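> The structure follows.
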Amino acid sequence: MTSQRPASQLSPVMTSLQRVLTTLGQSEPDRVPLFLLLTMHGARELGLSIHDYFADPQHVIEGQWRMRLKYRNDCYYAFFYAAIETKAWGAEVIYLDNGPPNCGGPLVRDLESIRQLQPPRVAESPDLRRVLDAIAGLRARDGATPIIGVVMAPFSLPVMQLGFERYLTLLYEHPELFDHLMRLNEVFCVDWANAQLKAGATAICYFDPVSSQTISRPEDFRRRGKVIATRTIAQIQGPVAMHFASGRCVRIIEDLPATGAAVIGVSADDDLGQLKRAAAGQLTLLGNLNGIAMRTWDTAAAEQAVKQAIAAAGPGGGFILSDNHGEIPFQVPEETLLAIADAVERWGRYPLDWIAQDATVTD
């Protein structure tokens with residue numbers, strides 16, 4: 001087996017946007033698109049604390065720009081941190097030195113107080129406006145690269161609003177209050193998604209880990225998460241990727257086209273080849289490199305993981321290589337990210353004729 005394809009056999013080079021649109025159309029682009037969903041690493045690029053990095057949209061614009069150039073990434077990731085949404089609702093945020101900012105205490109401690117909640121207005125939240133400014137700045141700087149905006153699904157946001165135990169109580173013992181909170185969350189989710197699209201985002205990542213089979217039974221997803229997702233995604237005025245944030249989805253994959261999502265973020269715990277067969281040209285898969293394991297990969301491990309993922313899901317298009325959670329841990333070193341990018345350049349070029357010749361991809 002030759003380690004590299006002769007230059008004469010390589011497809012013409014595409015822009016990142018062309019590459020992604022081609023694979024979304026279930027066709028093979030010049031190479032497998034690479035989405036390194038990096039957030040906090042931009043602070044390291046600029047020599048800033050995580051708090052100071054996210055405090056100024058100009059920092060995020062510069063950080064995302066530098067990371068794309070360094071790692072040959074096919075997207076800008078406009079996600080700051082999940083707790084930015086609950087902060088807009090009035091909750092606290094705790095900043096860490098080596099990890100994503102987290103929620104402080106639950107916003108809702110008394111379930112009856114849900115009746116007094118009002119969805120935040122995006123334009124009135126300084127934190128959300130910083131995200132919009134970062135999106136607009138990235139779009140002004142580069143019109144040929146996808147910008148990915150992020151929203152928390154109405155069905156999953158209550159984990160941060162209430163805490164998990166209180167949310168389960170709401171879900172199973174207070175159906176009227178649950179429905180009321182879902183209506184509030186749907187209004188906010190749609191407004192927040194569409195504001196990001198208006199600012200210049202190309203697509204929206206709809207994070208819904210509670211809908212994954214890791215947390216919800218498939219029958220419960222079909223009764224709740226799927227219904228809510230379908231209703232919400234229909235109101236978002238752009239392409240949507242549904243992401244389960246490391247949660248498994250193989251048992252619900254056949255339900256997902258009905259939600260309106262075009263892309264599905266998939267888990268390292270799922271069989272990527274099985275998911276590819278089940279998607280059957282209807283969905284593009286995004287994943288599924290293990291971000292936690294990635295912290296300890298050497299160059300050989302990174303290359304092998306990339307090869308296995310491409311071999312399982314790359315043929316025919318409809319696959320974007322990424323991590324499985326939607327955020328690469330701050331502890332993943334630059335050397336590993338570069339090794340992943342190098343491996344995509346080496347093994348992700350179409351046609352993927354090396355797959356049939358290479359027994360190591362099934363090891």
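A note on labels: chains of the structure tokens are A, B, ... as shown, every chain counts residues from 1, and ligands are counted from 1 in their shown order.
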Step one, run DSSP on the backbone; step two, keep only residues of region 38-135 of chain A assigned to helix (DSSP H, G or I); then write them as number ranges by chain.

A: 41-46, 50-55, 57-71, 83-89, 111-116, 122-124, 126-135

> For region 124-135 of chain A, work out the shell of residues within 6 Å, counting only C-alpha atoms and skipping chain neighbours fewer than 6 positions away, then give it as a ChimeraX atom specification.

/A:57,61,88,196,199-200

> Given the choices A:Val122, A:Ala91, A:Val159, A:Leu275, which gets closest to Val187 (chain A) if the distance is worked out from only C-alpha atoms?

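Checking each of A:Val122, A:Ala91, A:Val159, A:Leu275 against Val187 (chain A), counting only C-alpha atoms, the winner is A:Val122.
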
> What's the 7 Å shell around Ile355 (chain A), counting only C-alpha atoms, without same-chain residues fewer than 3 positions away, as a list in words?

Ala311, Leu352 and Asp358 of chain A

> Between CA of Cys249 (chain A) and CA of Gly281 (chain A), what is the spacing in Å?

16.7 Å

> I'd like the neighbourhood of Ser267 (chain A) as a list in words, where a residue qualifies if any of its atoms comes within 7 Å (using only C-alpha atoms), though same-chain residues fewer than 6 positions away should be ignored.

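Residues near the query, excluding close chain neighbours: Ser246, Gly247, Arg248, Gly287, Asn288 and Asn324 of chain A.
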
> Limited to N, CA and C atoms, could you put the picked residues into a file as a compact mmCIF listing (two decimals), in the first residue's frame?


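Below is the file that was written, selection-v3.txt:
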```txt
# COMPACT_ATOMS: atom_id res chain seq x y z
N SER A 246 -21.78 13.62 23.28
CA SER A 246 -21.22 12.32 23.70
C SER A 246 -22.27 11.25 23.93
N GLY A 247 -23.54 11.61 23.97
CA GLY A 247 -24.59 10.61 24.18
C GLY A 247 -24.80 9.76 22.94
N ARG A 248 -25.20 8.53 23.16
CA ARG A 248 -25.39 7.59 22.06
C ARG A 248 -26.73 7.84 21.35
N GLY A 287 -18.49 13.55 13.77
CA GLY A 287 -17.88 12.85 14.90
C GLY A 287 -16.65 12.07 14.44
N ASN A 288 -16.31 11.03 15.18
CA ASN A 288 -16.71 10.76 16.55
C ASN A 288 -15.46 10.48 17.39
N ASN A 324 -16.39 13.92 19.55
CA ASN A 324 -17.71 13.34 19.79
C ASN A 324 -18.55 14.15 20.77
```

> Would you mind listing what lies within 10 Å of Val20 (chain A) as a list in words, with only C-alpha atoms counted and same-chain residues fewer than 3 positions away left out?

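Near neighbours after the sequence-gap exclusion: Met14, Thr15, Ser16, Leu17, Thr23, Leu24, Gly25, Ser27, Glu28, Pro29, Arg31, Val32, Pro33, Leu34, Phe35, Asp74, Cys75, Thr145, Pro146, Gly317, Gly318, Phe319 and Ile320 of chain A.
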
> Just give me the gap between CA of Phe80 (chain A) and CA of Phe54 (chain A) in Å, one decimal is fine.

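CA of Phe54 (chain A) lies 6.8 Å from CA of Phe80 (chain A).
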
> Could you pull out the residues in region 40-227 of chain A that DSSP calls strand (DSSP E or B) from the backbone, as a VMD selection string?

chain A and resid 76 to 77 93 to 94 102 to 103 147 to 152 203 to 207

> Which is closest to Thr232 (chain A) among A:Thr259, A:Thr296, A:Gln282, A:Ser216, if we use only C-alpha atoms?

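Of the candidates, the smallest distance to Thr232 (chain A) is held by A:Thr259.
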
> Using only C-alpha atoms for the distances, tell me which of A:Leu96, A:Leu38, A:Val151, A:Leu177 is nearest to Asp110 (chain A).

A:Leu177

> Would you mind reading off the distance between CA of Asn102 (chain A) and CA of Phe164 (chain A), one decimal, in Å?

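We find that CA of Asn102 (chain A) and CA of Phe164 (chain A) lie 14.5 Å from each other.
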
> Mind checking which residues fall within 10 Å of region 254-256 of chain A, counting only C-alpha atoms, ignoring those fewer than 5 positions away in the same chain, and posting them as an mmCIF file with N, CA and C atoms, in the first residue's frame?


```
data_model
loop_
_atom_site.group_PDB
_atom_site.id
_atom_site.type_symbol
_atom_site.label_atom_id
_atom_site.label_comp_id
_atom_site.auth_asym_id
_atom_site.auth_seq_id
_atom_site.Cartn_x
_atom_site.Cartn_y
_atom_site.Cartn_z
ATOM 1 N N PRO A 218 -35.398 5.333 24.282
ATOM 2 C CA PRO A 218 -35.863 5.733 22.944
ATOM 3 C C PRO A 218 -37.349 6.072 22.894
ATOM 4 N N PHE A 221 -37.751 9.499 24.258
ATOM 5 C CA PHE A 221 -37.309 10.488 23.260
ATOM 6 C C PHE A 221 -38.408 10.734 22.246
ATOM 7 N N ARG A 222 -39.050 9.682 21.792
ATOM 8 C CA ARG A 222 -40.073 9.852 20.770
ATOM 9 C C ARG A 222 -41.281 10.618 21.301
ATOM 10 N N LYS A 226 -38.047 14.313 20.757
ATOM 11 C CA LYS A 226 -38.252 14.382 19.314
ATOM 12 C C LYS A 226 -39.335 15.385 18.954
ATOM 13 N N ALA A 229 -37.905 18.866 19.593
ATOM 14 C CA ALA A 229 -36.892 19.197 18.593
ATOM 15 C C ALA A 229 -37.525 19.506 17.245
ATOM 16 N N THR A 230 -38.475 18.699 16.823
ATOM 17 C CA THR A 230 -39.133 18.904 15.534
ATOM 18 C C THR A 230 -39.829 20.255 15.489
ATOM 19 N N MET A 242 -28.053 18.413 14.945
ATOM 20 C CA MET A 242 -28.514 17.953 16.262
ATOM 21 C C MET A 242 -27.370 17.168 16.901
ATOM 22 N N CYS A 249 -26.776 7.481 20.049
ATOM 23 C CA CYS A 249 -28.012 7.718 19.290
ATOM 24 C C CYS A 249 -28.348 6.601 18.315
ATOM 25 N N ALA A 261 -33.236 18.070 11.306
ATOM 26 C CA ALA A 261 -31.787 18.243 11.381
ATOM 27 C C ALA A 261 -31.125 17.631 10.143
ATOM 28 N N ALA A 262 -30.086 18.306 9.656
ATOM 29 C CA ALA A 262 -29.352 17.808 8.488
ATOM 30 C C ALA A 262 -28.094 17.058 8.883
ATOM 31 N N VAL A 263 -27.580 17.337 10.090
ATOM 32 C CA VAL A 263 -26.337 16.759 10.580
ATOM 33 C C VAL A 263 -26.591 16.218 11.975
ATOM 34 N N ILE A 264 -25.936 15.097 12.306
ATOM 35 C CA ILE A 264 -26.082 14.492 13.627
ATOM 36 C C ILE A 264 -24.702 14.308 14.239
ATOM 37 N N LEU A 275 -23.880 3.495 12.188
ATOM 38 C CA LEU A 275 -24.610 4.746 12.030
ATOM 39 C C LEU A 275 -24.613 5.203 10.573
ATOM 40 N N ALA A 278 -27.144 3.278 8.710
ATOM 41 C CA ALA A 278 -28.502 3.653 9.107
ATOM 42 C C ALA A 278 -28.888 5.024 8.566
ATOM 43 N N ALA A 279 -27.895 5.928 8.472
ATOM 44 C CA ALA A 279 -28.189 7.265 7.955
ATOM 45 C C ALA A 279 -28.590 7.199 6.482
ATOM 46 N N ALA A 280 -28.036 6.257 5.754
ATOM 47 C CA ALA A 280 -28.479 5.905 4.391
ATOM 48 C C ALA A 280 -28.692 7.113 3.498
ATOM 49 N N GLN A 282 -29.450 10.085 4.201
ATOM 50 C CA GLN A 282 -30.418 11.079 4.672
ATOM 51 C C GLN A 282 -29.798 12.119 5.601
ATOM 52 N N LEU A 283 -28.751 11.726 6.320
ATOM 53 C CA LEU A 283 -28.127 12.578 7.314
ATOM 54 C C LEU A 283 -26.620 12.593 7.115
#
```

> Name the closest residue to Gly143 (chain A) among the candidates A:Thr284, A:Thr202, A:Gln308, A:Gln235; distances are taken between atoms, counting only C-alpha atoms.

A:Thr202

> Might you pull out every residue within 8 Å of Met152 (chain A), with only C-alpha atoms counted and same-chain residues fewer than 6 positions away left off, and present them as a list in words?

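My reading of the contact set: Ala82, Glu85, Cys189, Tyr206, Phe207 and Asp208 of chain A.
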
> Hey, can you spit out that residue selection with C-alpha atoms as a compact mmCIF listing (two decimals), in the first residue's frame?


```
# COMPACT_ATOMS: atom_id res chain seq x y z
CA ALA A 82 -23.01 26.50 27.73
CA GLU A 85 -27.44 30.87 28.16
CA CYS A 189 -34.01 28.86 21.70
CA TYR A 206 -28.67 22.17 18.56
CA PHE A 207 -27.24 20.50 21.67
CA ASP A 208 -29.67 17.95 23.14
```

> Just checking: using only C-alpha atoms, which residue out of A:Ala123, A:Leu321, A:Ile94, A:Leu37 ends up closest to Gly149 (chain A)?

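Nearest to Gly149 (chain A): A:Leu37.
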
> Identify which of the residues A:Arg251, A:Lys198, A:Arg115, A:Arg139 lies closest to Glu176 (chain A), counting only C-alpha atoms when measuring atom-to-atom distances.

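Looking only at the distances to Glu176 (chain A), the closest residue turns out to be A:Arg115.
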